[in-house]
Structures are given as structure tokens and as C-alpha cells.
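Here is the structure we will look at.
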Amino acid sequence: MKKGLTILLMTILVWFVGKNVFAVGSEGQPVKTKDRVEVIYFHGKQRCVTCEAIEKQTKEVVGKQFGSRLKQGRVVLRVIDFSDRKNRNIAKKYRVSWSSLFIVSHKNGQETVENLTEFAFANARTSPEKFKAGVAAAINRALK
């Protein structure tokens with residue numbers, strides 16, 4: 001009986017992995033791969049004032065303007081230390097080697113990436129309102 005249950009559970013697990021129903025987030029938690037928009041901010045151990053401003057302003061705009069969608073899982077915010085070995089694969093996937101900001105749309109199994117890194121470094125610290133408006137606009141585009 002136990003052996004049969006174990007085989008059944010393993011079959012279901014293999015099916016889920018094969019169907020790509022779950023992916024692993026930056027902290028190892030499963031993230032459902034349903035249609036969603038991910039706001040991904042990568043940083044290293046050494047961080048400048050602008051890097052810290054990008055994270056702070058990004059969290060603020062996502063929390064304030066997309067709070068309900070955040071709770072629904074339609075918008076996901078991920079802050080990832082690319083210098084941490086456990087995040088090596090995702091950093092490699094997005095070709096990250098320094099602080100970077102991406103808006104990633106997942107729709108019908110397709111991934112679309114908008115790189116906001118240059119915009120972020122140009123505006124997060126010196127023009128925070130422009131930065132927030134730009135990030136919000138990119139998220140709204142990705143949600144459509």
C-alpha cells in the first residue's frame with residue numbers, strides 16, 4: 001500500500017514538473033507559472049546609493065500601485081542577490097553581472113522581457129517620480 005502511494009505521488013510530481021506548473025523562486029519557494037508579471041531586481045553584495053534607490057523605489061511602486069495584483073499573484077516582485085551561488089542560474093538566464101531591473105511577462109507559456117536597467121540608473125535616485133511612473137507603465141504594458 002505504501003509503495004503504491006509513493007509511486008502515485010512520484011508520478012504526480014513528475015507530471016507537474018513536466019507540465020511546468022511550478023518553478024522555484026529566488027528563495028526556493030515554488031512560484032506558480034501561471035500568467036503573471038515579474039518585477040525582478042538583481043543586485044550584488046556591494047551596493048551603491050543608486051542601487052539601493054532602485055530597490056527602494058521599485059518596492060514602493062509595486063506595493064502602492066499593484067498591491068492587489070501582488071496579493072493575487074498577477075504581479076510578483078523578486079529581489080535577487082546575483083552574487084549568491086544559489087541564484088547563479090537565474091542570473092545566467094538573464095545575463096546579469098551587475099545590478100539590473102527587468103519586467104518579465106509570462107503569458108500563455110511565453111516569456112517577454114523588458115530591461116529597465118539603463119532607465120533605472122538614470123532616474124531612480126535623481127528623478128524618483130519619473131522612475132516610478134516608468135516602472136508602473138512597464139508593468140501595465142506587461143499586464144495587457
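By order of appearance in the C-alpha cells: chains A, B, ..., then residues from 1 within every chain, and ligands from 1 in the order shown.
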Which of stretch 75-141 of chain A fall in strand (DSSP E), as JSON, numbers by chain
{"A": [75, 76, 77, 78, 79, 80, 81, 100, 101, 102, 103, 104, 105, 106, 107, 110, 111, 112, 113, 114, 115]}
Margin query: Considering only alpha helix (DSSP H) as DSSP defines it on the backbone, what residues of stretch 32-141 of chain A qualify? List them as a ChimeraX atom specification.
Written below: /A:49-65,67-72,88-93,117-123,128-141
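The nearest approach to A:Tyr41 among the residues A:Lys86, A:Lys93, A:Arg141, A:Lys56, with only C-alpha atoms taken into account, belongs to A:Lys56.
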Rounded to one decimal place, report the atom CA of A:Glu129-atom CA of A:Lys71 distance in Å.
->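 Going from atom CA of A:Glu129 over to atom CA of A:Lys71, I get 24.0 Å.
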Correct to one decimal, the distance atom CA of A:Gln72-atom CA of A:His43 is 25.9 Å
Which of these residues is nearest to A:Val62, using only C-alpha atoms: A:Ser83, A:Phe42, A:Val76, A:Arg47?
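Closest to A:Val62, using only C-alpha atoms: A:Val76.
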Give me the residues near A:Lys132 as number ranges by chain, where near means some atom within 10 Å (using only C-alpha atoms) and where sequence neighbours in that chain fewer than 6 positions away do not count.
A: 54, 57-62, 65, 120, 123-124, 138
Same residues, all heavy atoms, output as a compact mmCIF listing (two decimals), in the first residue's frame:
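Dumped to selection14.txt:
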```txt
# COMPACT_ATOMS: atom_id res chain seq x y z
N ILE A 54 17.11 52.15 -6.47
CA ILE A 54 16.34 51.35 -7.42
C ILE A 54 15.48 50.34 -6.66
O ILE A 54 14.27 50.22 -6.92
CB ILE A 54 17.26 50.62 -8.43
CG1 ILE A 54 17.93 51.64 -9.36
CG2 ILE A 54 16.48 49.58 -9.23
CD1 ILE A 54 19.06 51.06 -10.22
N GLN A 57 12.67 52.30 -4.57
CA GLN A 57 11.62 52.88 -5.41
C GLN A 57 10.79 51.79 -6.10
O GLN A 57 9.58 51.93 -6.27
CB GLN A 57 12.21 53.83 -6.46
CG GLN A 57 13.03 54.97 -5.92
CD GLN A 57 12.24 55.92 -5.04
OE1 GLN A 57 11.02 55.98 -5.09
NE2 GLN A 57 12.93 56.66 -4.21
N THR A 58 11.44 50.71 -6.50
CA THR A 58 10.72 49.61 -7.14
C THR A 58 9.74 48.97 -6.17
O THR A 58 8.57 48.74 -6.52
CB THR A 58 11.71 48.55 -7.67
OG1 THR A 58 12.58 49.16 -8.63
CG2 THR A 58 10.99 47.38 -8.32
N LYS A 59 10.18 48.70 -4.95
CA LYS A 59 9.29 48.13 -3.94
C LYS A 59 8.11 49.06 -3.67
O LYS A 59 6.97 48.61 -3.52
CB LYS A 59 10.05 47.86 -2.64
CG LYS A 59 10.95 46.66 -2.69
CD LYS A 59 11.67 46.47 -1.36
CE LYS A 59 12.49 45.20 -1.34
NZ LYS A 59 13.19 45.03 -0.05
N GLU A 60 8.40 50.34 -3.62
CA GLU A 60 7.35 51.32 -3.35
C GLU A 60 6.29 51.33 -4.46
O GLU A 60 5.09 51.28 -4.18
CB GLU A 60 7.98 52.70 -3.20
CG GLU A 60 7.08 53.70 -2.51
CD GLU A 60 7.83 54.98 -2.20
OE1 GLU A 60 8.81 54.93 -1.43
OE2 GLU A 60 7.41 56.02 -2.74
N VAL A 61 6.72 51.40 -5.70
CA VAL A 61 5.75 51.47 -6.80
C VAL A 61 4.95 50.17 -6.92
O VAL A 61 3.74 50.20 -7.12
CB VAL A 61 6.41 51.86 -8.14
CG1 VAL A 61 7.24 50.75 -8.72
CG2 VAL A 61 5.37 52.30 -9.15
N VAL A 62 5.60 49.04 -6.75
CA VAL A 62 4.89 47.76 -6.84
C VAL A 62 3.90 47.62 -5.70
O VAL A 62 2.74 47.25 -5.91
CB VAL A 62 5.88 46.57 -6.87
CG1 VAL A 62 5.16 45.25 -6.72
CG2 VAL A 62 6.69 46.59 -8.17
N GLN A 65 1.05 50.72 -6.11
CA GLN A 65 0.22 50.76 -7.30
C GLN A 65 -0.30 49.40 -7.75
O GLN A 65 -1.25 49.34 -8.53
CB GLN A 65 0.99 51.44 -8.44
CG GLN A 65 1.29 52.90 -8.14
CD GLN A 65 1.91 53.60 -9.32
OE1 GLN A 65 1.57 53.34 -10.46
NE2 GLN A 65 2.83 54.51 -9.04
N ALA A 120 16.54 52.77 -15.04
CA ALA A 120 16.59 52.75 -13.58
C ALA A 120 17.79 53.54 -13.06
O ALA A 120 17.65 54.37 -12.16
CB ALA A 120 16.64 51.32 -13.07
N ASN A 123 17.35 57.33 -13.44
CA ASN A 123 16.25 58.06 -12.79
C ASN A 123 15.94 57.71 -11.35
O ASN A 123 15.33 58.54 -10.66
CB ASN A 123 14.98 57.86 -13.62
CG ASN A 123 15.10 58.47 -14.98
OD1 ASN A 123 15.13 59.68 -15.13
ND2 ASN A 123 15.20 57.62 -16.00
N ALA A 124 16.27 56.54 -10.85
CA ALA A 124 15.81 56.11 -9.53
C ALA A 124 16.21 57.07 -8.41
O ALA A 124 15.41 57.36 -7.53
CB ALA A 124 16.30 54.71 -9.21
N ALA A 138 5.66 50.25 -17.47
CA ALA A 138 6.20 48.97 -17.98
C ALA A 138 5.40 47.79 -17.42
O ALA A 138 5.10 46.84 -18.16
CB ALA A 138 7.68 48.84 -17.61
```
One residue among A:Gly73, A:Gly44, A:Glu38, A:Ala122 is nearest to A:Val96 when using only C-alpha atoms, and that residue is A:Gly44
